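**Q** Structure file work.cif (mmCIF, C-alpha atoms and all ligand atoms) is given on the next line.
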```
data_input
#
loop_
_atom_site.label_atom_id
_atom_site.label_comp_id
_atom_site.auth_asym_id
_atom_site.auth_seq_id
_atom_site.Cartn_x
_atom_site.Cartn_y
_atom_site.Cartn_z
CA MET Z 107 -10.20 1.47 -2.08
CA SER Z 108 -13.95 1.70 -2.33
CA GLN Z 109 -13.72 -0.05 -5.68
CA ILE Z 110 -13.09 -3.37 -3.97
CA SER Z 111 -16.21 -5.23 -4.93
CA ALA Z 112 -14.71 -8.34 -6.44
CA MET Z 113 -15.26 -11.82 -5.13
CA ARG Z 114 -13.81 -12.61 -1.75
CA SER Z 115 -12.47 -16.04 -1.07
CA PRO Z 116 -11.43 -17.38 2.35
CA VAL Z 117 -8.32 -16.42 4.18
CA ARG Z 118 -4.57 -16.32 3.74
CA ALA Z 119 -2.47 -16.61 6.88
CA GLY Z 120 0.86 -15.01 7.67
CA VAL Z 121 0.18 -11.35 6.91
CA THR Z 122 1.58 -8.80 9.35
CA SER Z 123 -0.85 -6.62 11.26
CA SER Z 124 -0.15 -3.00 12.21
CA ALA Z 125 0.73 -4.37 15.66
CA GLY Z 126 3.31 -6.70 14.12
CA ASP Z 127 1.30 -9.89 14.73
CA ASP Z 128 0.31 -12.49 12.19
CA LEU Z 129 -3.12 -12.06 10.65
CA ALA Z 130 -5.47 -14.24 8.69
CA ILE Z 131 -6.98 -12.07 6.00
CA SER Z 132 -9.61 -12.01 3.30
CA LEU Z 133 -8.51 -12.29 -0.29
CA VAL Z 134 -10.03 -10.27 -3.07
CA THR Z 135 -9.58 -11.57 -6.56
CA GLY Z 136 -9.19 -9.13 -9.40
CA GLN Z 137 -10.33 -11.52 -12.09
CA ASP Z 138 -13.25 -9.35 -13.13
CA GLY Z 139 -11.10 -6.24 -13.09
CA ASN Z 140 -12.95 -4.56 -10.23
CA VAL Z 141 -9.97 -4.06 -7.99
CA ASP Z 142 -8.14 -0.78 -8.52
CA PHE Z 143 -4.59 -0.65 -7.24
CA ALA Z 144 -3.34 2.49 -5.54
CA PHE Z 145 0.13 3.89 -6.18
CA VAL Z 146 0.17 6.71 -3.67
CA SER Z 147 2.89 5.71 -1.22
CA GLY Z 148 5.73 7.41 -3.07
CA ASN Z 149 7.77 4.22 -3.40
CA PRO Z 150 7.07 0.89 -5.13
CA ALA Z 151 8.03 -1.17 -2.06
CA LEU Z 152 5.61 0.82 0.12
CA ASP Z 153 2.95 0.51 -2.60
CA LEU Z 154 3.46 -3.26 -2.60
CA ALA Z 155 3.08 -3.30 1.21
CA GLY Z 156 -0.15 -1.33 0.69
CA THR Z 157 -1.73 -4.15 -1.30
CA VAL Z 158 -3.02 -5.45 2.02
CA VAL Z 159 -5.67 -2.91 2.85
CA SER Z 160 -6.79 -2.12 6.39
CA ARG Z 161 -4.40 -4.37 8.29
CA ARG Z 162 -5.78 -3.31 11.66
CA ASP Z 163 -9.48 -4.00 11.43
CA GLU Z 164 -10.53 -5.96 8.40
CA PRO Z 165 -7.45 -6.81 6.37
CA ILE Z 166 -8.05 -7.45 2.69
CA ASP Z 167 -5.43 -8.72 0.27
CA VAL Z 168 -5.88 -7.38 -3.25
CA LEU Z 169 -3.15 -9.70 -4.57
CA ALA Z 170 -5.06 -12.96 -4.42
CA ALA Z 171 -3.43 -14.75 -7.32
CA PRO Z 172 -0.33 -14.52 -9.56
CA ALA Z 173 -2.41 -12.75 -12.25
CA ASP Z 174 -3.14 -9.92 -9.79
CA LEU Z 175 0.58 -9.46 -9.21
CA GLU Z 176 1.23 -9.36 -12.97
CA ARG Z 177 -1.37 -6.60 -13.29
CA TRP Z 178 0.03 -4.71 -10.28
CA VAL Z 179 3.55 -4.74 -11.78
CA ALA Z 180 2.20 -3.60 -15.16
CA GLU Z 181 0.35 -0.69 -13.54
CA CYS Z 182 3.31 0.46 -11.44
CA ASP Z 183 5.11 3.23 -13.35
CA GLU Z 184 8.51 2.37 -11.94
CA LEU Z 185 8.57 -1.28 -13.02
CA PRO Z 186 8.61 -3.21 -16.32
CA ASP Z 187 5.37 -3.28 -18.29
CA ARG Z 188 5.03 -7.00 -18.49
CA VAL Z 189 6.05 -9.93 -16.30
CA THR Z 190 4.84 -13.47 -15.84
CA ALA Z 191 4.22 -14.75 -12.32
CA ASP Z 192 4.33 -18.42 -11.44
CA PHE Z 193 3.15 -19.60 -8.05
CA ALA Z 194 6.62 -19.82 -6.46
CA THR Z 195 7.61 -16.29 -7.48
CA PHE Z 196 4.20 -15.04 -6.41
CA GLU Z 197 4.87 -16.47 -2.94
CA SER Z 198 8.27 -14.74 -2.93
CA ALA Z 199 6.54 -11.46 -3.77
CA LEU Z 200 4.12 -11.87 -0.86
CA SER Z 201 7.01 -12.68 1.45
CA LEU Z 202 8.88 -9.56 0.28
CA ARG Z 203 5.70 -7.53 0.76
CA GLU Z 204 5.22 -8.63 4.37
CA ALA Z 205 8.89 -8.12 5.20
CA THR Z 206 8.79 -4.64 3.68
CA TYR Z 207 5.65 -3.74 5.60
CA ARG Z 208 7.21 -4.97 8.85
CA LEU Z 209 10.37 -2.89 8.30
CA ALA Z 210 8.39 0.20 7.33
CA LEU Z 211 6.29 -0.22 10.46
CA ASP Z 212 9.50 -0.52 12.50
CA ARG Z 213 10.63 2.79 10.99
CA VAL Z 214 7.30 4.50 11.74
CA LEU Z 215 7.37 3.23 15.33
CA ASP Z 216 11.07 4.12 15.67
CA ARG Z 217 12.20 0.70 16.80
CA PRO Z 218 14.94 -1.69 15.58
CA PHE Z 219 14.29 -3.56 12.33
CA ASP Z 220 12.94 -7.09 12.60
CA PRO Z 221 15.93 -9.37 11.74
CA GLY Z 222 13.91 -11.95 9.78
CA SER Z 223 12.37 -9.24 7.61
CA LEU Z 224 15.77 -7.67 7.03
CA GLU Z 225 17.06 -11.00 5.77
CA ILE Z 226 14.19 -11.40 3.30
CA VAL Z 227 14.55 -7.88 1.90
CA ASN Z 228 18.34 -8.04 1.72
CA ASP Z 229 18.35 -11.46 0.05
CA THR Z 230 15.78 -10.31 -2.51
CA ALA Z 231 17.76 -7.15 -3.24
CA ALA Z 232 20.87 -9.22 -3.98
CA GLY Z 233 19.30 -10.76 -7.09
CA PRO Z 234 19.61 -9.53 -10.70
CA VAL Z 235 17.85 -6.25 -11.49
CA PRO Z 236 15.87 -5.17 -14.59
CA THR Z 237 17.73 -3.67 -17.53
CA ILE Z 238 17.01 -0.10 -18.56
CA LYS Z 239 17.32 1.51 -21.99
CA LEU Z 240 17.12 5.15 -23.00
CA SER Z 241 15.49 6.23 -26.27
CA ASP Z 242 13.58 9.26 -27.56
CA ALA Z 243 10.52 7.65 -26.03
CA GLY Z 244 12.20 7.81 -22.62
CA LEU Z 245 13.26 5.03 -20.31
CA HIS Z 246 12.29 1.47 -21.05
CA MET Z 247 12.70 -1.15 -18.32
CA SER Z 248 12.58 -4.90 -18.84
CA GLY Z 249 13.17 -7.97 -16.73
CA ASP Z 250 11.43 -10.98 -15.25
CA LEU Z 251 9.52 -11.05 -11.99
CA LEU Z 252 12.57 -12.01 -9.93
CA ALA Z 253 14.38 -8.95 -11.27
CA VAL Z 254 11.30 -6.87 -10.48
CA LEU Z 255 11.26 -8.12 -6.89
CA SER Z 256 14.93 -7.28 -6.58
CA GLN Z 257 14.23 -3.78 -7.89
CA ILE Z 258 11.37 -3.35 -5.41
CA ALA Z 259 13.55 -4.56 -2.53
CA ARG Z 260 16.33 -2.15 -3.51
CA SER Z 261 13.99 0.79 -3.69
CA GLY Z 262 12.54 -0.23 -0.33
CA ILE Z 263 16.03 -0.37 1.17
CA ALA Z 264 16.83 3.08 -0.22
CA VAL Z 265 13.84 4.66 1.50
CA LEU Z 266 14.14 2.69 4.73
CA ALA Z 267 17.83 3.57 5.04
CA ASP Z 268 17.28 7.29 4.39
CA PRO Z 269 17.32 9.10 7.75
CA HIS Z 270 15.58 12.09 6.12
CA ALA Z 271 12.74 10.05 4.64
CA CYS Z 272 9.54 10.87 6.49
CA LEU Z 273 7.47 7.68 6.67
CA LYS Z 274 3.95 7.95 8.04
CA GLU Z 275 0.89 5.81 8.47
CA CYS Z 276 -2.19 7.29 6.83
CA GLY Z 277 -4.29 9.49 9.14
CA ARG Z 278 -7.62 7.87 8.23
CA THR Z 279 -8.79 5.49 10.93
CA GLY Z 280 -8.74 2.04 9.40
CA CYS Z 281 -6.19 2.81 6.68
CA THR Z 282 -2.83 1.26 7.52
CA ARG Z 283 -0.95 2.32 4.41
CA ILE Z 284 2.55 3.62 5.12
CA TYR Z 285 3.67 6.36 2.74
CA LEU Z 286 6.61 8.63 2.11
CA ASP Z 287 5.70 12.23 2.89
CA ARG Z 288 7.70 14.48 0.57
CA SER Z 289 5.54 17.55 1.13
CA ARG Z 290 7.11 20.77 2.35
CA GLY Z 291 7.20 20.67 6.14
CA ALA Z 292 5.97 17.04 5.99
CA ARG Z 293 2.37 18.17 6.49
CA ARG Z 294 0.66 15.45 4.51
CA THR Z 295 -1.99 13.57 6.52
CA TRP Z 296 -3.43 11.05 4.07
CA CYS Z 297 -1.91 8.33 1.90
CA GLY Z 298 -3.92 9.81 -1.00
CA MET Z 299 -6.75 12.30 -1.39
CA ASP Z 300 -8.93 9.95 -3.46
CA GLU Z 301 -8.17 6.95 -1.28
CA CYS Z 302 -8.60 8.58 2.13
CA GLY Z 303 -8.45 12.40 2.37
CA ASN Z 304 -11.70 13.04 0.51
CA ARG Z 305 -13.46 10.24 2.36
CA VAL Z 306 -12.53 11.74 5.74
CA LYS Z 307 -13.52 15.24 4.60
CA ALA Z 308 -16.85 14.02 3.23
CA ALA Z 309 -17.58 12.18 6.48
CA ALA Z 310 -16.69 15.29 8.51
CA TYR Z 311 -18.95 17.41 6.28
CA ARG Z 312 -21.85 14.99 6.76
CA ALA Z 313 -21.28 15.05 10.54
CA ARG Z 314 -21.33 18.87 10.53
CA ARG Z 315 -24.52 18.87 8.47
CA ARG Z 316 -26.16 16.47 10.91
CA ALA Z 317 -25.04 18.56 13.90
CA SER Z 318 -26.29 21.83 12.42
CA THR Z 319 -29.61 20.26 11.42
CA THR Z 320 -30.05 18.99 14.96
CA ALA Z 321 -29.09 22.39 16.38
CA GLU Z 322 -31.58 24.15 14.07
CA GLY Z 323 -34.25 21.74 15.22
CA ARG Z 324 -33.64 22.87 18.77
CA GLY Z 325 -33.47 26.60 17.91
CA PRO Z 326 -36.21 29.24 18.01
CA GLU Z 327 -37.60 28.17 14.63
CA GLY Z 328 -37.81 24.60 15.80
CA THR Z 329 -39.67 25.53 18.98
CA THR Z 330 -42.29 27.82 17.46
ZN ZN D 401 -5.05 6.05 3.55
#
```
Using structure tokens, write down the structure from this file.
Ligand SMILES: [Zn+2]
**A**
Amino acid sequence: MSQISAMRSPVRAGVTSSAGDDLAISLVTGQDGNVDFAFVSGNPALDLAGTVVSRRDEPIDVLAAPADLERWVAECDELPDRVTADFATFESALSLREATYRLALDRVLDRPFDPGSLEIVNDTAAGPVPTIKLSDAGLHMSGDLLAVLSQIARSGIAVLADPHACLKECGRTGCTRIYLDRSRGARRTWCGMDECGNRVKAAAYRARRRASTTAEGRGPEGTT
């Protein structure tokens, strides 16, 4: 998420850390369009949970305002193209997000689900869902934000209930995104190559370059 360069405003409380505690986090507004959302987790509920970046060290919330959530829903391929978010529904979305993250973390750490988070996700999933229509153009989905949240909760439940679903936290230090690894042999290490894999590889390359330059400096050529 190197694109995060938008204005930061003070903190929002009540976000779950990777240790399960409450965090106060920085907000990043997307009003100038500088925040790029990532859809790399393999599931919309996990992608929603991933809208708090770097929960361990320097958590940043890329959903600072209802307009950010509207844009996030529009950009997610598995949800309706257009919804309107009022403040109350926006708060519900953030609550669903934190509950989903907590349950996904429980799965990754192989421990029982947090009861309060289960209640939030289950209650949200019980609501009306978006309607779908088939045409030559493909599938068209429509519904309001409450229906969208219900859809997200249901897809989260489906993955969290699947004993064969391989959920992992990204391997890049600092990235706390939890993703669904569908690769053969579950060998995926990063949430996404652009987001994390290439950054780790580039850093490793630079470290190797530095090490070999230092070693050359100490070699025969460096001493003559
Ligand atoms: Zn990552």
**Q** Excluding range 195-202 of chain Z and any residue of its chain fewer than 3 positions from it, enumerate the residues within 12 Å of it, using all atoms listed in the file, and give them as a VMD selection string.
**A** chain Z and resid 118 to 122 150 to 152 154 to 158 167 to 176 178 to 179 189 to 192 205 to 209 222 to 231 250 to 260 262 to 263
**Q** Take CA of Asp287 in chain Z and CA of Ser160 in chain Z and report the distance between them in Å, one decimal.
**A**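 So the answer is 19.3 Å.
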**Q** Please identify all protein, DNA and RNA residues within 12 Å of ligand ZN 401 (chain D), counting all atoms listed in the file, and report them as JSON, numbers by chain.
**A** {"Z": [107, 108, 144, 145, 146, 147, 153, 156, 157, 158, 159, 160, 161, 274, 275, 276, 277, 278, 279, 280, 281, 282, 283, 284, 285, 294, 295, 296, 297, 298, 299, 300, 301, 302, 303, 304, 305, 306]}
**Q** Please dump the current selection as a PDB file, in the coordinates of the input; keep C-alpha atoms.
**A**
```
ATOM      1  CA  MET Z 107     -10.200   1.470  -2.080  1.00  0.00           C
ATOM      2  CA  SER Z 108     -13.950   1.700  -2.330  1.00  0.00           C
ATOM      3  CA  ALA Z 144      -3.340   2.490  -5.540  1.00  0.00           C
ATOM      4  CA  PHE Z 145       0.130   3.890  -6.180  1.00  0.00           C
ATOM      5  CA  VAL Z 146       0.170   6.710  -3.670  1.00  0.00           C
ATOM      6  CA  SER Z 147       2.890   5.710  -1.220  1.00  0.00           C
ATOM      7  CA  ASP Z 153       2.950   0.510  -2.600  1.00  0.00           C
ATOM      8  CA  GLY Z 156      -0.150  -1.330   0.690  1.00  0.00           C
ATOM      9  CA  THR Z 157      -1.730  -4.150  -1.300  1.00  0.00           C
ATOM     10  CA  VAL Z 158      -3.020  -5.450   2.020  1.00  0.00           C
ATOM     11  CA  VAL Z 159      -5.670  -2.910   2.850  1.00  0.00           C
ATOM     12  CA  SER Z 160      -6.790  -2.120   6.390  1.00  0.00           C
ATOM     13  CA  ARG Z 161      -4.400  -4.370   8.290  1.00  0.00           C
ATOM     14  CA  LYS Z 274       3.950   7.950   8.040  1.00  0.00           C
ATOM     15  CA  GLU Z 275       0.890   5.810   8.470  1.00  0.00           C
ATOM     16  CA  CYS Z 276      -2.190   7.290   6.830  1.00  0.00           C
ATOM     17  CA  GLY Z 277      -4.290   9.490   9.140  1.00  0.00           C
ATOM     18  CA  ARG Z 278      -7.620   7.870   8.230  1.00  0.00           C
ATOM     19  CA  THR Z 279      -8.790   5.490  10.930  1.00  0.00           C
ATOM     20  CA  GLY Z 280      -8.740   2.040   9.400  1.00  0.00           C
ATOM     21  CA  CYS Z 281      -6.190   2.810   6.680  1.00  0.00           C
ATOM     22  CA  THR Z 282      -2.830   1.260   7.520  1.00  0.00           C
ATOM     23  CA  ARG Z 283      -0.950   2.320   4.410  1.00  0.00           C
ATOM     24  CA  ILE Z 284       2.550   3.620   5.120  1.00  0.00           C
ATOM     25  CA  TYR Z 285       3.670   6.360   2.740  1.00  0.00           C
ATOM     26  CA  ARG Z 294       0.660  15.450   4.510  1.00  0.00           C
ATOM     27  CA  THR Z 295      -1.990  13.570   6.520  1.00  0.00           C
ATOM     28  CA  TRP Z 296      -3.430  11.050   4.070  1.00  0.00           C
ATOM     29  CA  CYS Z 297      -1.910   8.330   1.900  1.00  0.00           C
ATOM     30  CA  GLY Z 298      -3.920   9.810  -1.000  1.00  0.00           C
ATOM     31  CA  MET Z 299      -6.750  12.300  -1.390  1.00  0.00           C
ATOM     32  CA  ASP Z 300      -8.930   9.950  -3.460  1.00  0.00           C
ATOM     33  CA  GLU Z 301      -8.170   6.950  -1.280  1.00  0.00           C
ATOM     34  CA  CYS Z 302      -8.600   8.580   2.130  1.00  0.00           C
ATOM     35  CA  GLY Z 303      -8.450  12.400   2.370  1.00  0.00           C
ATOM     36  CA  ASN Z 304     -11.700  13.040   0.510  1.00  0.00           C
ATOM     37  CA  ARG Z 305     -13.460  10.240   2.360  1.00  0.00           C
ATOM     38  CA  VAL Z 306     -12.530  11.740   5.740  1.00  0.00           C
TER      39      VAL Z 306
END
```
**Q** For the atom pair CA of Arg213 in chain Z and CA of Ile131 in chain Z, what is the interatomic distance in Å to one decimal place?
**A**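 Pair CA of Arg213 in chain Z / CA of Ile131 in chain Z returns 23.6 Å.
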**Q** Rounded to one decimal in Å, what is the spacing between CA of Ser248 in chain Z and CA of Val265 in chain Z?
**A**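 That distance, rounded to one decimal, is 22.5 Å.
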**Q** Determine the nearest neighbour of Cys272 in chain Z from the options Z:Ala317, Z:Glu322, Z:Leu215, Z:Ile238, counting all atoms listed in the file.
**A**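 Among Z:Ala317, Z:Glu322, Z:Leu215, Z:Ile238, it is Z:Leu215 that comes nearest to Cys272 in chain Z.
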**Q** When you count all atoms listed in the file, which of these residues is closest to Asp187 in chain Z: Z:Val235, Z:Phe219, Z:Tyr311, Z:Met247?
**A**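 Once distances to Asp187 in chain Z are computed over all atoms listed in the file, the minimum belongs to Z:Met247.
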**Q** Which residue out of Z:Leu273, Z:Ala308, Z:Pro234, Z:Val214 has the minimum interatomic distance to Arg293 in chain Z when only C-alpha atoms are used?
**A**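 The closest residue to Arg293 in chain Z is Z:Leu273.
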